[in-house]
Each structure stands twice: as C-alpha cells, then as structure tokens.
$ cat model.cif   # mmCIF, C-alpha atoms
data_query
#
loop_
_atom_site.label_atom_id
_atom_site.label_comp_id
_atom_site.auth_asym_id
_atom_site.auth_seq_id
_atom_site.Cartn_x
_atom_site.Cartn_y
_atom_site.Cartn_z
CA ASP O 29 -3.06 14.76 1.28
CA SER O 30 -6.78 15.32 1.22
CA ARG O 31 -7.84 18.79 2.26
CA ASP O 32 -11.40 19.87 2.90
CA SER O 33 -10.55 23.57 2.69
CA CYS O 34 -10.84 25.58 -0.52
CA LEU O 35 -8.37 27.66 -2.49
CA PRO O 36 -9.08 31.29 -3.36
CA THR O 37 -11.27 31.80 -6.38
CA ALA O 38 -8.32 33.59 -7.97
CA VAL O 39 -7.08 30.23 -9.25
CA ALA O 40 -10.49 29.16 -10.54
CA SER O 41 -9.70 29.58 -14.18
CA ALA O 42 -6.51 27.52 -13.95
CA LEU O 43 -8.08 24.70 -11.99
CA SER O 44 -11.28 24.46 -13.95
CA ALA O 45 -9.22 23.56 -16.99
CA ASN O 46 -7.19 21.04 -15.01
CA SER O 47 -9.76 18.90 -13.20
CA GLY O 48 -10.16 21.26 -10.20
CA PHE O 49 -12.75 20.68 -7.48
CA PHE O 50 -15.25 23.41 -6.76
CA THR O 51 -16.97 23.99 -3.44
CA MET O 52 -18.62 26.95 -1.77
CA GLY O 53 -17.53 29.39 -4.49
CA GLY O 54 -13.86 28.43 -4.17
CA ILE O 55 -11.73 25.59 -5.36
CA CYS O 56 -10.87 22.69 -3.11
CA SER O 57 -7.20 22.37 -2.45
CA ARG O 58 -7.77 18.76 -1.70
CA PRO O 59 -5.94 18.14 -3.67
CA ALA O 60 4.48 -11.82 -12.52
CA ALA O 61 6.62 -13.58 -10.70
CA ASP O 62 8.06 -16.90 -12.05
CA PRO O 63 5.73 -19.79 -11.05
CA ALA O 64 8.80 -22.01 -10.77
CA ASP O 65 9.77 -20.14 -7.62
CA ALA O 66 6.80 -21.62 -5.81
CA THR O 67 7.85 -25.18 -6.65
CA ASN O 68 11.54 -24.80 -5.79
CA PRO O 69 11.75 -23.61 -2.18
CA PRO O 70 15.12 -23.32 -0.53
CA PRO O 71 16.45 -26.67 0.75
CA GLU O 72 15.80 -27.31 4.41
CA ARG O 73 18.73 -27.37 6.79
CA GLN O 74 19.80 -30.96 7.48
CA PRO O 75 21.13 -32.02 10.89
CA ALA O 76 24.74 -33.04 11.01
CA VAL O 77 25.33 -36.76 11.55
CA GLN O 78 28.56 -38.02 13.07
CA ALA O 79 29.78 -41.35 11.80
CA ALA O 80 30.15 -44.05 14.42
CA SER O 81 33.70 -45.14 15.24
CA SER O 82 34.89 -48.51 16.54
CA SER O 83 35.86 -47.04 19.91
CA SER O 84 33.06 -44.64 20.85
CA THR O 85 30.17 -42.64 19.40
CA GLN O 86 29.46 -39.07 20.39
CA PRO O 87 26.03 -37.70 19.44
CA THR O 88 26.03 -34.52 17.39
CA ALA O 89 23.58 -31.82 18.40
CA THR O 90 20.96 -30.96 15.82
CA PRO O 91 20.81 -27.22 15.12
CA ALA O 92 17.55 -25.58 15.99
CA ALA O 93 15.43 -25.11 12.87
CA THR O 94 14.42 -21.66 11.91
CA THR O 95 10.66 -21.73 11.52
CA PRO O 96 9.14 -19.43 8.91
CA ALA O 97 6.10 -19.14 11.16
CA ALA O 98 8.15 -17.23 13.70
CA ALA O 99 9.04 -14.63 11.10
CA ASN O 100 5.55 -14.54 9.60
CA GLU O 101 3.45 -14.19 12.73
CA ALA O 102 1.46 -10.95 12.61
CA GLU O 103 2.13 -8.64 15.54
CA ALA O 104 -0.19 -5.96 16.78
CA ILE O 105 2.71 -3.84 18.05
CA PRO O 106 5.24 -2.95 15.33
CA VAL O 107 8.79 -4.09 15.77
CA THR O 108 11.90 -2.89 14.01
CA PRO O 109 12.11 -4.99 10.83
CA GLY O 110 15.34 -6.70 9.93
CA PRO O 111 16.64 -9.00 7.21
CA THR O 112 14.53 -12.08 6.63
CA ALA O 113 15.43 -15.44 5.17
CA ARG O 114 12.59 -15.09 2.65
CA ALA O 115 13.63 -11.72 1.27
CA SER O 116 14.62 -13.17 -2.12
CA THR O 117 11.72 -15.60 -2.49
CA GLY O 118 8.68 -13.74 -1.14
CA PRO O 119 5.99 -12.22 -3.34
CA LYS O 120 6.90 -9.20 -5.42
CA VAL O 121 4.66 -6.36 -4.26
CA ALA O 122 4.24 -2.95 -5.89
CA VAL O 123 3.30 -0.11 -3.55
CA ILE O 124 1.75 2.42 -5.95
CA TYR O 125 0.65 5.78 -4.57
CA TYR O 126 -0.51 9.28 -5.43
CA SER O 127 0.42 12.08 -3.05
CA THR O 128 -0.15 15.81 -3.50
CA TYR O 129 1.00 17.13 -0.14
CA GLY O 130 3.14 14.24 1.14
CA HIS O 131 0.84 12.56 3.68
CA ILE O 132 0.47 9.36 1.67
CA ARG O 133 4.19 9.33 0.83
CA THR O 134 4.96 9.37 4.57
CA MET O 135 2.64 6.38 5.09
CA VAL O 136 4.43 4.53 2.28
CA HIS O 137 7.55 4.22 4.45
CA SER O 138 5.69 2.28 7.17
CA ILE O 139 3.77 0.14 4.66
CA LYS O 140 7.05 -0.78 2.94
CA GLU O 141 8.75 -1.68 6.23
CA GLY O 142 5.85 -3.96 7.15
CA LEU O 143 5.90 -5.68 3.77
CA GLU O 144 9.64 -6.26 3.98
CA ALA O 145 9.27 -7.66 7.50
CA SER O 146 6.93 -10.29 6.01
CA GLY O 147 9.59 -11.30 3.47
CA ALA O 148 8.07 -9.53 0.47
CA GLN O 149 10.10 -7.90 -2.27
CA VAL O 150 8.89 -4.32 -2.55
CA ASP O 151 9.01 -1.63 -5.24
CA VAL O 152 7.62 1.85 -4.56
CA LEU O 153 6.01 3.55 -7.57
CA GLN O 154 3.79 6.59 -8.05
CA PHE O 155 0.83 7.24 -10.31
CA PRO O 156 1.34 9.78 -13.12
CA GLU O 157 0.36 13.34 -12.30
CA THR O 158 -2.45 14.89 -14.35
CA LEU O 159 -2.24 18.48 -13.07
CA SER O 160 0.08 21.03 -14.61
CA ALA O 161 3.05 22.49 -12.74
CA GLU O 162 1.23 25.84 -12.77
CA VAL O 163 -1.82 24.45 -11.00
CA LEU O 164 0.25 22.45 -8.51
CA GLY O 165 2.18 25.61 -7.70
CA LYS O 166 -1.00 27.60 -7.02
CA MET O 167 -2.20 24.75 -4.79
CA GLY O 168 0.98 25.00 -2.75
CA ALA O 169 1.97 21.41 -3.52
CA PRO O 170 5.60 20.50 -2.79
CA PRO O 171 7.83 18.87 -5.43
CA LYS O 172 7.14 15.21 -6.18
CA ALA O 173 9.30 12.45 -4.74
CA ASP O 174 11.75 10.81 -7.12
CA ASP O 175 10.00 7.41 -7.04
CA PRO O 176 9.54 5.86 -10.51
CA VAL O 177 6.25 6.54 -12.26
CA VAL O 178 4.24 3.38 -12.89
CA THR O 179 3.16 2.34 -16.39
CA VAL O 180 0.41 -0.09 -17.34
CA PRO O 181 2.80 -2.76 -18.77
CA MET O 182 4.71 -2.80 -15.46
CA LEU O 183 1.70 -4.23 -13.60
CA THR O 184 2.27 -7.74 -14.96
CA GLU O 185 5.67 -7.87 -13.22
CA TYR O 186 4.12 -8.06 -9.74
CA ASP O 187 2.33 -10.66 -7.61
CA ALA O 188 0.33 -8.13 -5.56
CA PHE O 189 -0.39 -4.42 -5.14
CA MET O 190 -0.91 -1.96 -2.31
CA PHE O 191 -2.40 1.36 -3.39
CA GLY O 192 -1.87 4.56 -1.41
CA LEU O 193 -4.58 7.09 -2.24
CA PRO O 194 -5.89 10.41 -0.90
CA GLY O 195 -9.63 11.02 -0.81
CA ARG O 196 -11.62 13.12 -3.23
CA TYR O 197 -15.17 13.48 -1.87
CA GLY O 198 -14.98 10.00 -0.32
CA MET O 199 -13.48 8.31 -3.37
CA PHE O 200 -10.11 7.84 -5.05
CA PRO O 201 -8.48 10.73 -6.97
CA ALA O 202 -8.74 11.33 -10.71
CA GLN O 203 -5.07 10.46 -11.15
CA PHE O 204 -5.78 6.86 -10.14
CA LYS O 205 -8.91 6.62 -12.27
CA GLN O 206 -7.21 7.94 -15.39
CA PHE O 207 -4.41 5.39 -14.97
CA TRP O 208 -6.69 2.45 -14.19
CA ASP O 209 -8.93 3.22 -17.15
CA GLY O 210 -5.90 2.41 -19.30
CA THR O 211 -5.67 -1.22 -18.12
CA GLY O 212 -8.14 -2.55 -20.71
CA SER O 213 -5.54 -4.76 -22.39
CA HIS O 214 -4.87 -6.51 -19.07
CA TRP O 215 -8.61 -6.96 -18.57
CA GLN O 216 -8.97 -8.57 -22.01
CA SER O 217 -6.03 -10.92 -21.47
CA GLY O 218 -6.74 -11.68 -17.81
CA ALA O 219 -3.20 -10.63 -16.92
CA LEU O 220 -4.17 -9.41 -13.43
CA VAL O 221 -6.56 -12.22 -12.46
CA GLY O 222 -5.78 -13.54 -9.00
CA LYS O 223 -3.33 -10.79 -8.07
CA PRO O 224 -4.39 -9.44 -4.63
CA TRP O 225 -4.58 -5.79 -3.69
CA GLY O 226 -4.94 -3.61 -0.62
CA VAL O 227 -5.31 0.11 0.03
CA PHE O 228 -4.22 2.73 2.58
CA VAL O 229 -5.62 6.25 2.51
CA SER O 230 -5.43 9.88 3.57
CA THR O 231 -8.47 12.06 4.14
CA GLY O 232 -9.07 15.52 5.57
CA THR O 233 -11.37 14.30 8.33
CA GLN O 234 -12.46 11.06 10.00
CA ASN O 235 -15.63 11.04 7.90
CA GLY O 236 -13.87 11.95 4.66
CA GLY O 237 -13.63 8.46 3.16
CA GLN O 238 -11.49 6.22 5.38
CA GLU O 239 -13.77 3.30 4.47
CA THR O 240 -15.43 4.41 1.25
CA ILE O 241 -12.21 4.85 -0.71
CA GLY O 242 -11.53 1.12 -0.28
CA LEU O 243 -15.16 0.28 -0.94
CA THR O 244 -15.26 2.19 -4.23
CA LEU O 245 -12.05 0.49 -5.37
CA VAL O 246 -13.67 -2.96 -5.17
CA PRO O 247 -15.60 -2.65 -8.49
CA GLN O 248 -12.43 -1.48 -10.28
CA MET O 249 -10.54 -4.59 -9.16
CA ALA O 250 -13.46 -7.02 -9.42
CA HIS O 251 -13.55 -6.53 -13.18
CA HIS O 252 -9.95 -7.77 -13.28
CA GLY O 253 -10.66 -10.72 -10.95
CA MET O 254 -8.35 -9.30 -8.28
CA PRO O 255 -9.06 -10.34 -4.65
CA PHE O 256 -9.11 -7.72 -1.89
CA ILE O 257 -6.98 -8.25 1.23
CA PRO O 258 -8.24 -5.82 3.92
CA LEU O 259 -6.52 -5.05 7.21
CA GLY O 260 -9.44 -6.13 9.35
CA TYR O 261 -8.67 -5.59 13.02
CA ARG O 262 -5.29 -7.30 13.14
CA ASP O 263 -3.95 -4.26 14.95
CA PRO O 264 -5.93 -3.36 18.10
CA LYS O 265 -4.81 0.26 17.73
CA VAL O 266 -7.55 0.61 15.11
CA PHE O 267 -9.97 0.46 18.07
CA SER O 268 -8.22 3.28 19.93
CA ASN O 269 -10.25 6.28 21.04
CA ASP O 270 -7.32 7.97 22.73
CA GLU O 271 -6.79 10.33 19.81
CA PRO O 272 -8.35 11.13 16.44
CA HIS O 273 -6.80 8.86 13.82
CA GLY O 274 -7.27 7.27 10.43
CA ALA O 275 -7.52 3.52 9.64
CA SER O 276 -10.45 1.17 9.31
CA PRO O 277 -11.01 -2.53 8.60
CA TYR O 278 -10.41 -1.66 4.94
CA GLY O 279 -6.85 -0.53 5.60
CA ALA O 280 -4.44 1.87 7.25
CA GLY O 281 -5.09 5.58 6.99
CA THR O 282 -4.15 9.04 8.17
CA LEU O 283 -5.98 12.32 8.71
CA ALA O 284 -4.54 15.40 7.01
CA GLY O 285 -6.82 17.89 8.75
CA PRO O 286 -9.10 20.41 7.04
CA ASP O 287 -6.13 22.58 6.02
CA GLY O 288 -3.70 19.71 5.40
CA SER O 289 -1.36 20.71 8.21
CA ARG O 290 -1.69 17.51 10.26
CA GLN O 291 0.94 14.83 9.58
CA PRO O 292 0.62 11.03 10.11
CA SER O 293 0.83 10.17 13.81
CA GLU O 294 2.90 7.40 15.39
CA LEU O 295 -0.32 5.43 15.92
CA GLU O 296 -1.23 5.72 12.24
CA LYS O 297 2.28 4.76 11.12
CA GLY O 298 2.20 1.79 13.48
CA VAL O 299 -1.06 0.56 11.99
CA ALA O 300 0.43 1.02 8.52
CA PHE O 301 3.36 -1.22 9.49
CA THR O 302 0.96 -3.91 10.71
CA HIS O 303 -1.11 -3.54 7.53
CA GLY O 304 1.94 -4.02 5.30
CA LYS O 305 3.14 -7.04 7.28
CA SER O 306 -0.30 -8.67 7.32
CA PHE O 307 -0.81 -8.05 3.61
CA GLY O 308 2.61 -9.49 2.77
CA GLU O 309 1.95 -12.68 4.74
CA ILE O 310 -1.40 -13.32 3.07
CA ALA O 311 -0.13 -12.38 -0.39
CA ALA O 312 2.72 -14.90 0.05
CA ARG O 313 0.21 -17.69 0.73
CA LEU O 314 -1.88 -16.73 -2.30
CA ALA O 315 1.23 -16.64 -4.49
CA GLY O 316 2.45 -19.99 -3.17
CA LYS O 317 5.52 -18.37 -1.63
CA ALA O 318 4.68 -18.69 2.06
#

$ encode --input "model.cif" --output "structure tokens"
Amino acid sequence: DSRDSCLPTAVASALSANSGFFTMGGICSRPAADPADATNPPPERQPAVQAASSSSTQPTATPAATTPAAANEAEAIPVTPGPTARASTGPKVAVIYYSTYGHIRTMVHSIKEGLEASGAQVDVLQFPETLSAEVLGKMGAPPKADDPVVTVPMLTEYDAFMFGLPGRYGMFPAQFKQFWDGTGSHWQSGALVGKPWGVFVSTGTQNGGQETIGLTLVPQMAHHGMPFIPLGYRDPKVFSNDEPHGASPYGAGTLAGPDGSRQPSELEKGVAFTHGKSFGEIAARLAGKA
C-alpha cells in the first residue's frame, strides 16, 4: 500500500490538485451494542438427573462443559478458525481500512478471521476515497473492493474498531484524517467514549512507520476517550529475524516494498490473525461480553 518510490513528474499537475505527495522532483506513488446483552448471557448447560426408582438407581453421566476459556485462549500459531458458540453474543467490531494498492485489504482477511475466532461479530468497511478516478488511474491503483464505505453515524453501532492504514511519511493517510475530522458530533456527545481500537499497517520499508502510525493515532482517539489495545508480543513471530517483515508491539503490519510489488507474507498474515484474535478477546472483556 505504501510506496516510497515516486511517480513521473508528468502527473504533477493532477496530483498537486488532489493531495499528491512530492519528493525528489517527482510525486510519491505512495499512495453500540445493546447493554442488555451483557446481562443476559446464554443459560449454562445443566446436567441431566435421573429420577430414582424403587428398584434401582443408575447414575447419569454429566456432559462435559464447554469452557469459553478454551475457545478464547490466545495462540501464537494461527489455527483454522471455525464456528464459535459466542458468535452471536460477542462484541461487534468494525474493521475499517483504506487501501490504495491492495496490501491492507489482503491483511483484512487475516484480521477478520482472527476476530471471528475470538467470537466477535465483524463488519468490514472502507474509508471514503478522496482522490479522483483520474489521479488513481495515473497512480496505477487497481479498482476498489466492494466493501461498504463507512459513514460517521455508523460508528455508534459498534463496540470496538480495528483500523487498517497505509503509511504516509510515517503517519496515517489523508483519507483517514479527513474522515476522522468529521467525528466532532461524537466527540461532543461522548458517543465513542470507552470503545477500544487497534491498528494494523502497511509501509514501504521496515522504517516507514510500522510503529509511528499507531503512535500518531493515539492523540486522535484520546480526544474521544477511546482506549488503545495493542498487539504487544502475543505472537512470538514478531521477534523473528528470519525474513524482513512488518508488525510491531503496536499491531500487525506488512511491507509493500519501495515499488509496492511485495505482497503480505505468510508470517505477516499469521501475526495479523493473532492480532485479530487477541483484540477480539480483550474487546469482549471490556464490553462485558467475555
């Protein structure tokens, strides 16, 4: 998603009028849930009891209880997610992303799988585009995915948020900032207070903002009273030096390469799964739906 290379100056005039990024004489191609749910958990399974008869009494075996902890335990190595008993009662999480070249959209799949493995209900949304079709075409950007475009009023429908963002000089892109600047009504009403958030990123290089994108998001969310749930080191693959890769204690990440040709690796997608699962588990506890 985030490229460090620059487009030919031939598109300078188009980009300069559409929030382009200039470097080295060229233009960078870098591109509420119902509270009642928490107080009405599903009834626990009761063991069958066999009535005693006058002649003999045979004990009835008690079925083994299904412990939520077994389904919620964070795993360093991703496993294939399946249906969970909490799928209809877990926190409602919005995965909201911006993707120019598709790297972040690829990571969304793994994040979503991890969230669903934790029992969360997940909707995938994308931030509105601010660049014209003409500029996107000159940048070589592929068509957008058909995920719904998020609106500010929709934010109040969710318990938690995971943001997928490419880097722009070590920070989030203008598309996110323009959208978030429109949340003033929620700030005044306190509509987002207490709703946790996390972030996963794409940068051109290892030093292109894997940590600073998350860091610069903190002030945006702090004004709304929204707590940050980072990945930490719940997945030991974050420590790996076997290959270049994205991810940091702030969250999962991928490297697009200077020209954007590199795609998310299996290691990066595995960390993204762990990140989604870990976030979902913690968000459930904060929402009272663990």

$ residues_around --input "model.cif" --residues "Leu193 of chain O" --least-positions-apart "3" --cutoff "9 Å" --atoms "only C-alpha atoms" --output "JSON, numbers by chain"
{"O": [29, 124, 125, 126, 127, 132, 200, 201, 204, 227, 228, 229, 230, 231, 241]}

$ resolve_selection --input "model.cif" --expression "the PyMOL selection byres ((chain O and resi 173) around 12)" --output "list of chain:residue names"
O:Tyr125, O:Tyr126, O:Ser127, O:Thr128, O:Tyr129, O:Gly130, O:His131, O:Ile132, O:Arg133, O:Thr134, O:Val136, O:Val152, O:Leu153, O:Gln154, O:Phe155, O:Pro156, O:Glu157, O:Ala169, O:Pro170, O:Pro171, O:Lys172, O:Asp174, O:Asp175, O:Pro176, O:Val177

$ resolve_selection --input "model.cif" --expression "the PyMOL selection byres ((chain O and resi 206) around 12)" --output "MDAnalysis selection string"
chainID O and resid 47 155:159 179:180 200:205 207:212 248

$ write_last_selection --input "model.cif" --atoms "C-alpha atoms" --output "PDB file, in the frame of the given file"
ATOM      1  CA  SER O  47      -9.760  18.900 -13.200  1.00  0.00           C
ATOM      2  CA  PHE O 155       0.830   7.240 -10.310  1.00  0.00           C
ATOM      3  CA  PRO O 156       1.340   9.780 -13.120  1.00  0.00           C
ATOM      4  CA  GLU O 157       0.360  13.340 -12.300  1.00  0.00           C
ATOM      5  CA  THR O 158      -2.450  14.890 -14.350  1.00  0.00           C
ATOM      6  CA  LEU O 159      -2.240  18.480 -13.070  1.00  0.00           C
ATOM      7  CA  THR O 179       3.160   2.340 -16.390  1.00  0.00           C
ATOM      8  CA  VAL O 180       0.410  -0.090 -17.340  1.00  0.00           C
ATOM      9  CA  PHE O 200     -10.110   7.840  -5.050  1.00  0.00           C
ATOM     10  CA  PRO O 201      -8.480  10.730  -6.970  1.00  0.00           C
ATOM     11  CA  ALA O 202      -8.740  11.330 -10.710  1.00  0.00           C
ATOM     12  CA  GLN O 203      -5.070  10.460 -11.150  1.00  0.00           C
ATOM     13  CA  PHE O 204      -5.780   6.860 -10.140  1.00  0.00           C
ATOM     14  CA  LYS O 205      -8.910   6.620 -12.270  1.00  0.00           C
ATOM     15  CA  PHE O 207      -4.410   5.390 -14.970  1.00  0.00           C
ATOM     16  CA  TRP O 208      -6.690   2.450 -14.190  1.00  0.00           C
ATOM     17  CA  ASP O 209      -8.930   3.220 -17.150  1.00  0.00           C
ATOM     18  CA  GLY O 210      -5.900   2.410 -19.300  1.00  0.00           C
ATOM     19  CA  THR O 211      -5.670  -1.220 -18.120  1.00  0.00           C
ATOM     20  CA  GLY O 212      -8.140  -2.550 -20.710  1.00  0.00           C
ATOM     21  CA  GLN O 248     -12.430  -1.480 -10.280  1.00  0.00           C
TER      22      GLN O 248
END

$ closest_residue --input "model.cif" --among "O:Leu245, O:Ala148, O:Leu143, O:Met135" --to "Gly118 of chain O" --atoms "all atoms listed in the file"
O:Ala148

$ closest_residue --input "model.cif" --among "O:Glu185, O:Asp263, O:Glu144, O:Glu309" --to "Ala219 of chain O" --atoms "only C-alpha atoms"
O:Glu185

$ resolve_selection --input "model.cif" --expression "the PyMOL selection byres ((chain O and resi 306) around 8)" --output "list of chain:residue names"
O:Ala102, O:Gly142, O:Leu143, O:Ser146, O:Leu259, O:Arg262, O:Thr302, O:His303, O:Gly304, O:Lys305, O:Phe307, O:Gly308, O:Glu309, O:Ile310

$ write_last_selection --input "model.cif" --atoms "C-alpha atoms" --output "PDB file, keeping the file's coordinate frame"
ATOM      1  CA  ALA O 102       1.460 -10.950  12.610  1.00  0.00           C
ATOM      2  CA  GLY O 142       5.850  -3.960   7.150  1.00  0.00           C
ATOM      3  CA  LEU O 143       5.900  -5.680   3.770  1.00  0.00           C
ATOM      4  CA  SER O 146       6.930 -10.290   6.010  1.00  0.00           C
ATOM      5  CA  LEU O 259      -6.520  -5.050   7.210  1.00  0.00           C
ATOM      6  CA  ARG O 262      -5.290  -7.300  13.140  1.00  0.00           C
ATOM      7  CA  THR O 302       0.960  -3.910  10.710  1.00  0.00           C
ATOM      8  CA  HIS O 303      -1.110  -3.540   7.530  1.00  0.00           C
ATOM      9  CA  GLY O 304       1.940  -4.020   5.300  1.00  0.00           C
ATOM     10  CA  LYS O 305       3.140  -7.040   7.280  1.00  0.00           C
ATOM     11  CA  PHE O 307      -0.810  -8.050   3.610  1.00  0.00           C
ATOM     12  CA  GLY O 308       2.610  -9.490   2.770  1.00  0.00           C
ATOM     13  CA  GLU O 309       1.950 -12.680   4.740  1.00  0.00           C
ATOM     14  CA  ILE O 310      -1.400 -13.320   3.070  1.00  0.00           C
TER      15      ILE O 310
END

$ residues_around --input "model.cif" --residues "Pro277 of chain O" --least-positions-apart "2" --cutoff "7 Å" --atoms "only C-alpha atoms" --output "number ranges by chain"
O: 258-261, 279

$ closest_residue --input "model.cif" --among "O:Gly218, O:Gly253, O:Gly237, O:Gly281" --to "Phe191 of chain O" --atoms "all atoms listed in the file"
O:Gly281

$ atom_distance --input "model.cif" --atom1 "atom CA of Tyr278 of chain O" --atom2 "atom CA of Pro181 of chain O"
27.2 Å
